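Scroll down for the structure; my scribbles are underneath it.
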Amino acid sequence: MKVTAKYIPCECGGKANKQTASRTFKQGCRGSGTEVSNIPAFVCEKCGEIYFDGPSVLKVERRLEKESAIAG
Ligand SMILES: [Zn+2]
């Protein structure tokens, strides 16, 4: 689902505004994570819940998979 709105309603009743957030992606069972910042996401101004924009996160995950495949 592609979200084009500037904000989405949060479960808590607050408003999640579109901005960027960072997230640590775990690489399988290796235990180490790669932190990726500036991912488009919706962050609730009331409770702080972060809703990542699906397609963006998938894109990042695919990129990381590619990089780890090259590394080894
Ligand atoms: Zn909320």
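To be explicit about the labels: the chains of the structure tokens are called A, B, and onward in the order shown, and within each one the residues are counted from 1, while ligands get numbers from 1 in the order they are shown.
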Which of chain A fall in strand (DSSP E or B), as a PyMOL selection string: chain A and resi 7-9+15-26+33-44+50-52
I need the residues from that last selection saved to file as a PDB file, in the first residue's frame (with N, CA and C atoms), if you can.
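This is the output file result12.pdb:
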```pdb
ATOM      1  N   TYR A   7       0.075  12.842   6.629  1.00  0.00           N
ATOM      2  CA  TYR A   7       0.029  12.199   7.948  1.00  0.00           C
ATOM      3  C   TYR A   7      -1.018  11.108   7.936  1.00  0.00           C
ATOM      4  N   ILE A   8      -0.859  10.176   8.865  1.00  0.00           N
ATOM      5  CA  ILE A   8      -1.845   9.109   8.989  1.00  0.00           C
ATOM      6  C   ILE A   8      -2.325   9.068  10.430  1.00  0.00           C
ATOM      7  N   PRO A   9      -3.559   8.625  10.655  1.00  0.00           N
ATOM      8  CA  PRO A   9      -4.042   8.543  12.029  1.00  0.00           C
ATOM      9  C   PRO A   9      -3.370   7.404  12.773  1.00  0.00           C
ATOM     10  N   LYS A  15      -1.804  11.967  15.676  1.00  0.00           N
ATOM     11  CA  LYS A  15      -1.512  12.158  14.272  1.00  0.00           C
ATOM     12  C   LYS A  15      -0.050  11.800  14.023  1.00  0.00           C
ATOM     13  N   ALA A  16       0.172  10.916  13.048  1.00  0.00           N
ATOM     14  CA  ALA A  16       1.548  10.545  12.710  1.00  0.00           C
ATOM     15  C   ALA A  16       1.963  11.328  11.473  1.00  0.00           C
ATOM     16  N   ASN A  17       2.911  12.223  11.647  1.00  0.00           N
ATOM     17  CA  ASN A  17       3.363  13.087  10.558  1.00  0.00           C
ATOM     18  C   ASN A  17       4.440  12.433   9.717  1.00  0.00           C
ATOM     19  N   LYS A  18       4.428  12.762   8.437  1.00  0.00           N
ATOM     20  CA  LYS A  18       5.435  12.207   7.543  1.00  0.00           C
ATOM     21  C   LYS A  18       6.764  12.904   7.770  1.00  0.00           C
ATOM     22  N   GLN A  19       7.780  12.115   8.025  1.00  0.00           N
ATOM     23  CA  GLN A  19       9.138  12.633   8.195  1.00  0.00           C
ATOM     24  C   GLN A  19      10.112  11.482   7.969  1.00  0.00           C
ATOM     25  N   THR A  20      11.326  11.655   8.364  1.00  0.00           N
ATOM     26  CA  THR A  20      12.264  10.556   8.189  1.00  0.00           C
ATOM     27  C   THR A  20      12.688  10.017   9.541  1.00  0.00           C
ATOM     28  N   ALA A  21      12.977   8.742   9.576  1.00  0.00           N
ATOM     29  CA  ALA A  21      13.404   8.096  10.805  1.00  0.00           C
ATOM     30  C   ALA A  21      14.540   7.142  10.468  1.00  0.00           C
ATOM     31  N   SER A  22      15.173   6.621  11.504  1.00  0.00           N
ATOM     32  CA  SER A  22      16.227   5.644  11.258  1.00  0.00           C
ATOM     33  C   SER A  22      15.816   4.314  11.856  1.00  0.00           C
ATOM     34  N   ARG A  23      16.343   3.245  11.312  1.00  0.00           N
ATOM     35  CA  ARG A  23      15.983   1.926  11.789  1.00  0.00           C
ATOM     36  C   ARG A  23      17.182   1.007  11.625  1.00  0.00           C
ATOM     37  N   THR A  24      17.338   0.111  12.560  1.00  0.00           N
ATOM     38  CA  THR A  24      18.424  -0.857  12.454  1.00  0.00           C
ATOM     39  C   THR A  24      17.882  -2.145  11.859  1.00  0.00           C
ATOM     40  N   PHE A  25      18.457  -2.538  10.747  1.00  0.00           N
ATOM     41  CA  PHE A  25      18.038  -3.755  10.083  1.00  0.00           C
ATOM     42  C   PHE A  25      18.955  -4.895  10.498  1.00  0.00           C
ATOM     43  N   LYS A  26      18.357  -5.956  10.950  1.00  0.00           N
ATOM     44  CA  LYS A  26      19.153  -7.116  11.365  1.00  0.00           C
ATOM     45  C   LYS A  26      19.478  -7.967  10.139  1.00  0.00           C
ATOM     46  N   GLY A  33      23.535  -5.477  13.254  1.00  0.00           N
ATOM     47  CA  GLY A  33      22.546  -4.749  12.477  1.00  0.00           C
ATOM     48  C   GLY A  33      23.173  -3.595  11.726  1.00  0.00           C
ATOM     49  N   THR A  34      22.506  -3.165  10.682  1.00  0.00           N
ATOM     50  CA  THR A  34      22.976  -2.021   9.928  1.00  0.00           C
ATOM     51  C   THR A  34      21.978  -0.898  10.129  1.00  0.00           C
ATOM     52  N   GLU A  35      22.461   0.236  10.624  1.00  0.00           N
ATOM     53  CA  GLU A  35      21.539   1.328  10.840  1.00  0.00           C
ATOM     54  C   GLU A  35      21.380   2.143   9.570  1.00  0.00           C
ATOM     55  N   VAL A  36      20.138   2.319   9.190  1.00  0.00           N
ATOM     56  CA  VAL A  36      19.838   3.107   8.007  1.00  0.00           C
ATOM     57  C   VAL A  36      19.018   4.309   8.454  1.00  0.00           C
ATOM     58  N   SER A  37      19.487   5.493   8.068  1.00  0.00           N
ATOM     59  CA  SER A  37      18.746   6.686   8.464  1.00  0.00           C
ATOM     60  C   SER A  37      18.061   7.310   7.260  1.00  0.00           C
ATOM     61  N   ASN A  38      17.251   8.287   7.531  1.00  0.00           N
ATOM     62  CA  ASN A  38      16.497   8.999   6.495  1.00  0.00           C
ATOM     63  C   ASN A  38      15.550   8.111   5.710  1.00  0.00           C
ATOM     64  N   ILE A  39      14.894   7.211   6.414  1.00  0.00           N
ATOM     65  CA  ILE A  39      13.862   6.401   5.780  1.00  0.00           C
ATOM     66  C   ILE A  39      12.542   7.152   5.940  1.00  0.00           C
ATOM     67  N   PRO A  40      11.802   7.345   4.857  1.00  0.00           N
ATOM     68  CA  PRO A  40      10.513   8.019   5.001  1.00  0.00           C
ATOM     69  C   PRO A  40       9.604   7.223   5.931  1.00  0.00           C
ATOM     70  N   ALA A  41       9.076   7.896   6.921  1.00  0.00           N
ATOM     71  CA  ALA A  41       8.223   7.216   7.884  1.00  0.00           C
ATOM     72  C   ALA A  41       7.230   8.196   8.480  1.00  0.00           C
ATOM     73  N   PHE A  42       6.221   7.651   9.122  1.00  0.00           N
ATOM     74  CA  PHE A  42       5.246   8.481   9.815  1.00  0.00           C
ATOM     75  C   PHE A  42       5.493   8.329  11.309  1.00  0.00           C
ATOM     76  N   VAL A  43       5.701   9.454  11.978  1.00  0.00           N
ATOM     77  CA  VAL A  43       5.967   9.417  13.411  1.00  0.00           C
ATOM     78  C   VAL A  43       4.837  10.117  14.153  1.00  0.00           C
ATOM     79  N   CYS A  44       4.237   9.411  15.108  1.00  0.00           N
ATOM     80  CA  CYS A  44       3.119   9.965  15.859  1.00  0.00           C
ATOM     81  C   CYS A  44       3.610  11.064  16.801  1.00  0.00           C
ATOM     82  N   ILE A  50       6.342   4.813  15.422  1.00  0.00           N
ATOM     83  CA  ILE A  50       6.862   5.045  14.069  1.00  0.00           C
ATOM     84  C   ILE A  50       6.246   4.052  13.103  1.00  0.00           C
ATOM     85  N   TYR A  51       5.673   4.566  12.041  1.00  0.00           N
ATOM     86  CA  TYR A  51       5.108   3.716  10.990  1.00  0.00           C
ATOM     87  C   TYR A  51       5.965   3.898   9.748  1.00  0.00           C
ATOM     88  N   PHE A  52       6.674   2.850   9.386  1.00  0.00           N
ATOM     89  CA  PHE A  52       7.509   2.976   8.202  1.00  0.00           C
ATOM     90  C   PHE A  52       6.678   2.809   6.952  1.00  0.00           C
TER      91      PHE A  52
END
```
Selection as a PyMOL selection string: residues within 7 Å of ligand 1 by only C-alpha atoms and all ligand atoms: chain A and resi 10-16+44-49
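In terms of minimum interatomic distance to Gly28 in chain A, A:Ser68 ranks closest within A:Gly54, A:Val60, A:Lys6, A:Ser68, counting only C-alpha atoms.
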